[in-house]
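**Student:** Have a peek at query_26.pdb (PDB, C-alpha atoms).
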ATOM      1  CA  PHE A   1      90.448 128.419  94.425
ATOM      2  CA  PRO A   2      92.628 125.934  96.291
ATOM      3  CA  GLY A   3      95.443 124.221  94.421
ATOM      4  CA  LEU A   4      95.735 120.668  95.748
ATOM      5  CA  MET A   5      97.937 117.774  94.755
ATOM      6  CA  ASN A   6      98.724 114.868  97.061
ATOM      7  CA  ARG A   7      96.190 112.711  98.850
ATOM      8  CA  ASP A   8      98.029 111.840 102.061
ATOM      9  CA  TYR A   9      95.025 112.481 104.305
ATOM     10  CA  GLU A  10      92.763 110.416 102.045
ATOM     11  CA  ILE A  11      95.230 107.517 102.236
ATOM     12  CA  MET A  12      95.416 107.758 106.028
ATOM     13  CA  ALA A  13      91.629 107.991 106.380
ATOM     14  CA  SER A  14      90.992 104.954 104.162
ATOM     15  CA  ARG A  15      88.887 102.303 105.838
ATOM     16  CA  ALA A  16      87.945  98.717 105.274
ATOM     17  CA  VAL A  17      84.674  98.366 103.355
ATOM     18  CA  ASN A  18      82.752  97.351 106.485
ATOM     19  CA  GLU A  19      84.018 100.491 108.316
ATOM     20  CA  ILE A  20      82.971 103.085 105.696
ATOM     21  CA  ASN A  21      80.586 105.717 107.047
ATOM     22  CA  HIS A  22      78.400 108.413 105.499
ATOM     23  CA  TYR A  23      81.214 111.004 105.566
ATOM     24  CA  ASP A  24      83.639 108.954 103.460
ATOM     25  CA  GLY A  25      81.922 109.708 100.138
ATOM     26  CA  THR A  26      82.830 113.404 100.136
ATOM     27  CA  GLY A  27      84.908 113.781 103.302
ATOM     28  CA  THR A  28      88.255 113.339 101.597
ATOM     29  CA  ALA A  29      87.304 114.211  98.005
ATOM     30  CA  MET A  30      89.645 116.873  96.685
ATOM     31  CA  SER A  31      86.913 118.101  94.328
ATOM     32  CA  ILE A  32      84.867 119.160  97.362
ATOM     33  CA  ALA A  33      87.671 121.085  99.154
ATOM     34  CA  ALA A  34      86.852 124.462  97.591
ATOM     35  CA  ASN A  35      83.151 123.941  98.254
ATOM     36  CA  ARG A  36      83.803 123.218 101.939
ATOM     37  CA  VAL A  37      85.662 126.532 102.282
ATOM     38  CA  SER A  38      82.910 128.387 100.396
ATOM     39  CA  PHE A  39      80.224 126.820 102.576
ATOM     40  CA  THR A  40      82.092 127.444 105.845
ATOM     41  CA  PHE A  41      82.638 131.151 105.116
ATOM     42  CA  ASN A  42      79.372 131.692 103.194
ATOM     43  CA  LEU A  43      81.263 132.625 100.017
ATOM     44  CA  THR A  44      79.482 132.851  96.675
ATOM     45  CA  GLY A  45      80.799 132.700  93.128
ATOM     46  CA  PRO A  46      83.122 130.202  91.504
ATOM     47  CA  SER A  47      84.313 127.445  93.825
ATOM     48  CA  LEU A  48      86.896 125.318  92.079
ATOM     49  CA  THR A  49      89.622 122.935  93.243
ATOM     50  CA  VAL A  50      92.598 122.702  90.873
ATOM     51  CA  ASP A  51      94.978 119.717  90.634
ATOM     52  CA  THR A  52      97.797 120.118  88.139
ATOM     53  CA  ALA A  53     100.471 118.468  90.292
ATOM     54  CA  CYS A  54     103.286 120.821  91.326
ATOM     55  CA  SER A  55     101.745 123.758  89.461
ATOM     56  CA  SER A  56      98.346 123.493  91.199
ATOM     57  CA  PHE A  57      98.598 126.810  93.047
ATOM     58  CA  LEU A  58      99.787 128.685  89.952
ATOM     59  CA  PHE A  59      96.864 127.384  87.901
ATOM     60  CA  ALA A  60      94.453 128.109  90.760
ATOM     61  CA  LEU A  61      95.811 131.670  90.821
ATOM     62  CA  HIS A  62      95.402 131.904  87.046
ATOM     63  CA  TYR A  63      91.750 130.780  87.221
ATOM     64  CA  ALA A  64      91.018 133.084  90.163
ATOM     65  CA  LEU A  65      92.412 136.089  88.284
ATOM     66  CA  ARG A  66      90.414 135.132  85.162
ATOM     67  CA  ALA A  67      87.239 134.829  87.241
ATOM     68  CA  ILE A  68      87.772 138.328  88.666
ATOM     69  CA  LYS A  69      88.636 139.810  85.266
ATOM     70  CA  SER A  70      85.589 138.235  83.583
ATOM     71  CA  GLY A  71      83.262 139.463  86.340
ATOM     72  CA  ASP A  72      82.403 136.003  87.716
ATOM     73  CA  CYS A  73      83.419 137.338  91.126
ATOM     74  CA  GLU A  74      84.620 140.605  92.697
ATOM     75  CA  ALA A  75      87.330 138.980  94.784
ATOM     76  CA  ALA A  76      88.837 135.545  95.286
ATOM     77  CA  ILE A  77      90.722 133.504  97.849
ATOM     78  CA  CYS A  78      93.446 131.364  96.348
ATOM     79  CA  GLY A  79      95.711 128.970  98.198
ATOM     80  CA  GLY A  80      98.016 126.018  98.056
ATOM     81  CA  VAL A  81      99.037 123.582 100.776
ATOM     82  CA  ASN A  82     101.348 120.605 101.002
ATOM     83  CA  CYS A  83     101.527 118.381 104.060
ATOM     84  CA  ILE A  84     103.640 115.240 104.027
ATOM     85  CA  ILE A  85     101.751 113.043 106.486
ATOM     86  CA  HIS A  86     102.034 109.616 104.870
ATOM     87  CA  PRO A  87     105.153 107.980 103.370
ATOM     88  CA  ARG A  88     103.419 106.371 100.357
ATOM     89  CA  THR A  89     104.042 109.155  97.807
ATOM     90  CA  PHE A  90     107.587 109.754  99.058
ATOM     91  CA  VAL A  91     108.468 106.057  98.807
ATOM     92  CA  SER A  92     106.965 105.821  95.319
ATOM     93  CA  LEU A  93     108.802 108.927  94.075
ATOM     94  CA  THR A  94     112.051 107.683  95.628
ATOM     95  CA  LYS A  95     111.744 104.304  93.896
ATOM     96  CA  ALA A  96     111.104 106.147  90.626
ATOM     97  CA  LYS A  97     114.322 108.153  91.294
ATOM     98  CA  ILE A  98     112.381 111.427  91.138
ATOM     99  CA  ILE A  99     113.496 112.577  94.602
ATOM    100  CA  SER A 100     116.929 114.200  94.823
ATOM    101  CA  PRO A 101     119.344 112.079  96.888
ATOM    102  CA  GLU A 102     120.303 115.336  98.660
ATOM    103  CA  GLY A 103     116.651 116.251  99.268
ATOM    104  CA  ILE A 104     117.199 119.614  97.574
ATOM    105  CA  SER A 105     115.738 120.946  94.331
ATOM    106  CA  LYS A 106     118.224 122.498  91.920
ATOM    107  CA  PRO A 107     116.058 123.817  89.080
ATOM    108  CA  PHE A 108     117.811 124.739  85.829
ATOM    109  CA  SER A 109     121.156 123.524  87.209
ATOM    110  CA  LYS A 110     123.540 121.028  85.643
ATOM    111  CA  LYS A 111     123.660 119.453  89.117
ATOM    112  CA  ALA A 112     119.899 118.823  89.157
ATOM    113  CA  ASP A 113     119.213 115.244  90.272
ATOM    114  CA  GLY A 114     115.543 115.281  91.264
ATOM    115  CA  TYR A 115     113.531 117.441  93.567
ATOM    116  CA  GLY A 116     113.237 117.899  97.302
ATOM    117  CA  ARG A 117     109.755 117.674  98.781
ATOM    118  CA  GLY A 118     108.672 120.245 101.321
ATOM    119  CA  GLU A 119     105.693 121.356 103.341
ATOM    120  CA  GLY A 120     104.002 124.707 103.403
ATOM    121  CA  CYS A 121     100.862 126.764 102.995
ATOM    122  CA  GLY A 122     100.155 129.954 101.132
ATOM    123  CA  VAL A 123      96.873 131.827 100.770
ATOM    124  CA  VAL A 124      96.191 135.113  98.996
ATOM    125  CA  PHE A 125      93.110 137.324  98.888
ATOM    126  CA  LEU A 126      92.710 138.873  95.455
ATOM    127  CA  LYS A 127      90.727 141.982  94.616
ATOM    128  CA  PRO A 128      91.247 144.512  91.807
ATOM    129  CA  LEU A 129      93.286 147.484  93.029
ATOM    130  CA  LYS A 130      90.711 149.869  91.509
ATOM    131  CA  LYS A 131      88.022 148.422  93.786
ATOM    132  CA  VAL A 132      90.316 148.558  96.817
ATOM    133  CA  ARG A 133      91.071 152.228  96.128
ATOM    134  CA  LEU A 134      87.334 152.985  96.263
ATOM    135  CA  LEU A 135      87.356 151.773  99.871
ATOM    136  CA  VAL A 136      90.750 153.058 100.997
ATOM    137  CA  LYS A 137      92.709 156.092  99.736
ATOM    138  CA  GLN A 138      96.147 154.613 100.375
ATOM    139  CA  PRO A 139      95.748 150.830 100.311
ATOM    140  CA  GLU A 140      98.483 148.824 101.921
ATOM    141  CA  VAL A 141      99.673 145.905  99.893
ATOM    142  CA  ARG A 142     101.016 143.256 102.222
ATOM    143  CA  LEU A 143     103.097 140.251 101.419
ATOM    144  CA  VAL A 144     103.478 137.840 104.282
ATOM    145  CA  ALA A 145     105.641 134.733 104.139
ATOM    146  CA  CYS A 146     105.998 132.101 106.815
ATOM    147  CA  LEU A 147     108.250 129.076 106.906
ATOM    148  CA  ASN A 148     107.992 126.347 109.485
ATOM    149  CA  PHE A 149     110.399 123.455 109.711
ATOM    150  CA  VAL A 150     109.679 120.498 111.929
ATOM    151  CA  SER A 151     112.336 117.927 112.722
ATOM    152  CA  SER A 152     110.165 115.080 111.449
ATOM    153  CA  ALA A 153     109.791 116.888 108.104
ATOM    154  CA  LEU A 154     113.565 116.944 107.689
ATOM    155  CA  ILE A 155     113.608 113.166 107.710
ATOM    156  CA  MET A 156     111.253 113.228 104.733
ATOM    157  CA  THR A 157     113.095 115.920 102.785
ATOM    158  CA  ILE A 158     116.711 115.017 103.522
ATOM    159  CA  PRO A 159     116.648 111.229 103.985
ATOM    160  CA  GLU A 160     120.382 110.551 103.573
ATOM    161  CA  LYS A 161     121.196 112.827 106.541
ATOM    162  CA  PHE A 162     119.569 110.426 109.016
TER     163      PHE A 162
END
As structure tokens, what does this structure read like?
**Tutor:**
Amino acid sequence: FPGLMNRDYEIMASRAVNEINHYDGTGTAMSIAANRVSFTFNLTGPSLTVDTACSSFLFALHYALRAIKSGDCEAAICGGVNCIIHPRTFVSLTKAKIISPEGISKPFSKKADGYGRGEGCGVVFLKPLKKVRLLVKQPEVRLVACLNFVSSALIMTIPEKF
């Protein structure tokens, strides 16, 4: 259940009509992303890509939990990724005055003036705790977070600083 939003890679991989090859039909299709992961790891069960803009991961998580609860699957992998690799979306959002001039999101604040784009990746493996306890007496629940900032990303997220 990947939550996907922007199409930066698709934009970068676009070709002139005479350069299109047999991979272009599904190679960058967001609808196929979940199926590629399922195929690569020989996963069975629901395989669904979710695009609800900024809330894509949360809706993907919602659908994954529903699939487990309804018995469509015993476990699920759910993730969300954002990579800013092409300026098109950033330029468009800036012209629409959606991007904060400071490059920082201030949700629910009187000082809110747009949002700051960022990059990251998060993936969770979901399985009912009851099923985990059948395998392990004292299951460890782990939460791992990783942040990675690259100097080129700062130019995209804090444009007025450069």
**Student:** Have a look at atom CA of Leu61 of chain A and atom CA of Val124 of chain A and let me know their distance in Å, one decimal.
**Tutor:**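 Pair atom CA of Leu61 of chain A / atom CA of Val124 of chain A returns 8.9 Å.
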**Student:** Near Asp113 of chain A, counting only C-alpha atoms, which residues have an atom at most 8 Å away, once you skip same-chain residues fewer than 2 positions from it, shown as a VMD selection string?
**Tutor:** chain A and resid 98 to 101 105 to 106 111 115
**Student:** Enumerate, as a VMD selection string, the residues matched when the PyMOL selection byres ((chain A and resi 9) around 9) is run on the file above.
**Tutor:** chain A and resid 6 to 8 10 to 14 28 83 85 to 86
**Student:** Restricting the calculation to only C-alpha atoms: of A:Val132, A:Gly79, A:Lys110, A:Gly116, which residue gets closest to Ser55 of chain A?
**Tutor:**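 Once distances to Ser55 of chain A are computed over only C-alpha atoms, the minimum belongs to A:Gly79.
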**Student:** How would you write, as an NGL selection string, the residues chosen by the PyMOL selection byres ((chain A and resi 69-72) around 10) on this structure?
**Tutor:** :A and (44-46 or 63-68 or 73-76 or 127-128)
**Student:** Filtering to C-alpha atoms, could you give me those residues as a short mmCIF file (atom, residue, chain, number, x, y, z; two decimals), in the frame of the given file?
**Tutor:**
data_model
loop_
_atom_site.label_atom_id
_atom_site.label_comp_id
_atom_site.auth_asym_id
_atom_site.auth_seq_id
_atom_site.Cartn_x
_atom_site.Cartn_y
_atom_site.Cartn_z
CA THR A 44 79.48 132.85 96.68
CA GLY A 45 80.80 132.70 93.13
CA PRO A 46 83.12 130.20 91.50
CA TYR A 63 91.75 130.78 87.22
CA ALA A 64 91.02 133.08 90.16
CA LEU A 65 92.41 136.09 88.28
CA ARG A 66 90.41 135.13 85.16
CA ALA A 67 87.24 134.83 87.24
CA ILE A 68 87.77 138.33 88.67
CA CYS A 73 83.42 137.34 91.13
CA GLU A 74 84.62 140.60 92.70
CA ALA A 75 87.33 138.98 94.78
CA ALA A 76 88.84 135.54 95.29
CA LYS A 127 90.73 141.98 94.62
CA PRO A 128 91.25 144.51 91.81
#
**Student:** Between atom CA of Val91 of chain A and atom CA of Ile104 of chain A, what is the distance, to one decimal in Å?
**Tutor:**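 Taking atom CA of Val91 of chain A and atom CA of Ile104 of chain A, their separation equals 16.2 Å.
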**Student:** Find the spatial neighbours of Asn35 of chain A, counting all atoms listed in the file, within a cut-off of 8 Å - ignore same-chain residues fewer than 4 positions away - and output them as a list in words.
**Tutor:**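 That gives Ser31, Phe39, Ser47 and Leu48 of chain A.
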**Student:** May I ask which of the residues A:Leu4, A:Ile32, A:Lys95, A:Ala60 is the closest one to Gly120 of chain A, counting all atoms listed in the file?
**Tutor:**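 Under the stated criterion, the closest residue is A:Leu4.
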**Student:** For the atom pair atom CA of Phe59 of chain A and atom CA of Asn82 of chain A, what is the interatomic distance in Å to one decimal place?
**Tutor:**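 Between atom CA of Phe59 of chain A and atom CA of Asn82 of chain A the gap is 15.4 Å.
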**Student:** Could you put an axis-aligned box around every listed atom of segment 28-32 of chain A, padded by 3 Å on each side, and send me its centre and edge lengths in Å to one decimal, as lines of an AutoDock Vina configuration file?
**Tutor:**
center_x = 87.3
center_y = 116.2
center_z = 98.0
size_x = 10.8
size_y = 11.8
size_z = 13.3
**Student:** Can you work out which one of A:Met5, A:Thr52, A:Gly80, A:Ala16 has the shortest atom-to-atom distance to Ala29 of chain A, counting only C-alpha atoms?
**Tutor:** A:Met5
**Student:** Considering all atoms listed in the file, state which residue in the set A:Ile77, A:Leu134, A:Leu43, A:Cys54 is at the smallest distance from Gly122 of chain A.
**Tutor:**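 The closest residue to Gly122 of chain A is A:Ile77.
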**Student:** Ranking A:Ala34, A:Leu58, A:Ile84, A:Ala53 by minimum distance to Gly118 of chain A and counting all atoms listed in the file, which one comes first?
**Tutor:**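 With all atoms listed in the file as the atom set, the closest residue is A:Ile84.
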**Student:** Return the single residue from A:Phe41, A:Phe90, A:Phe125, A:Tyr23 that is closest to Phe1 of chain A, with distances computed using only C-alpha atoms.
**Tutor:** A:Phe125
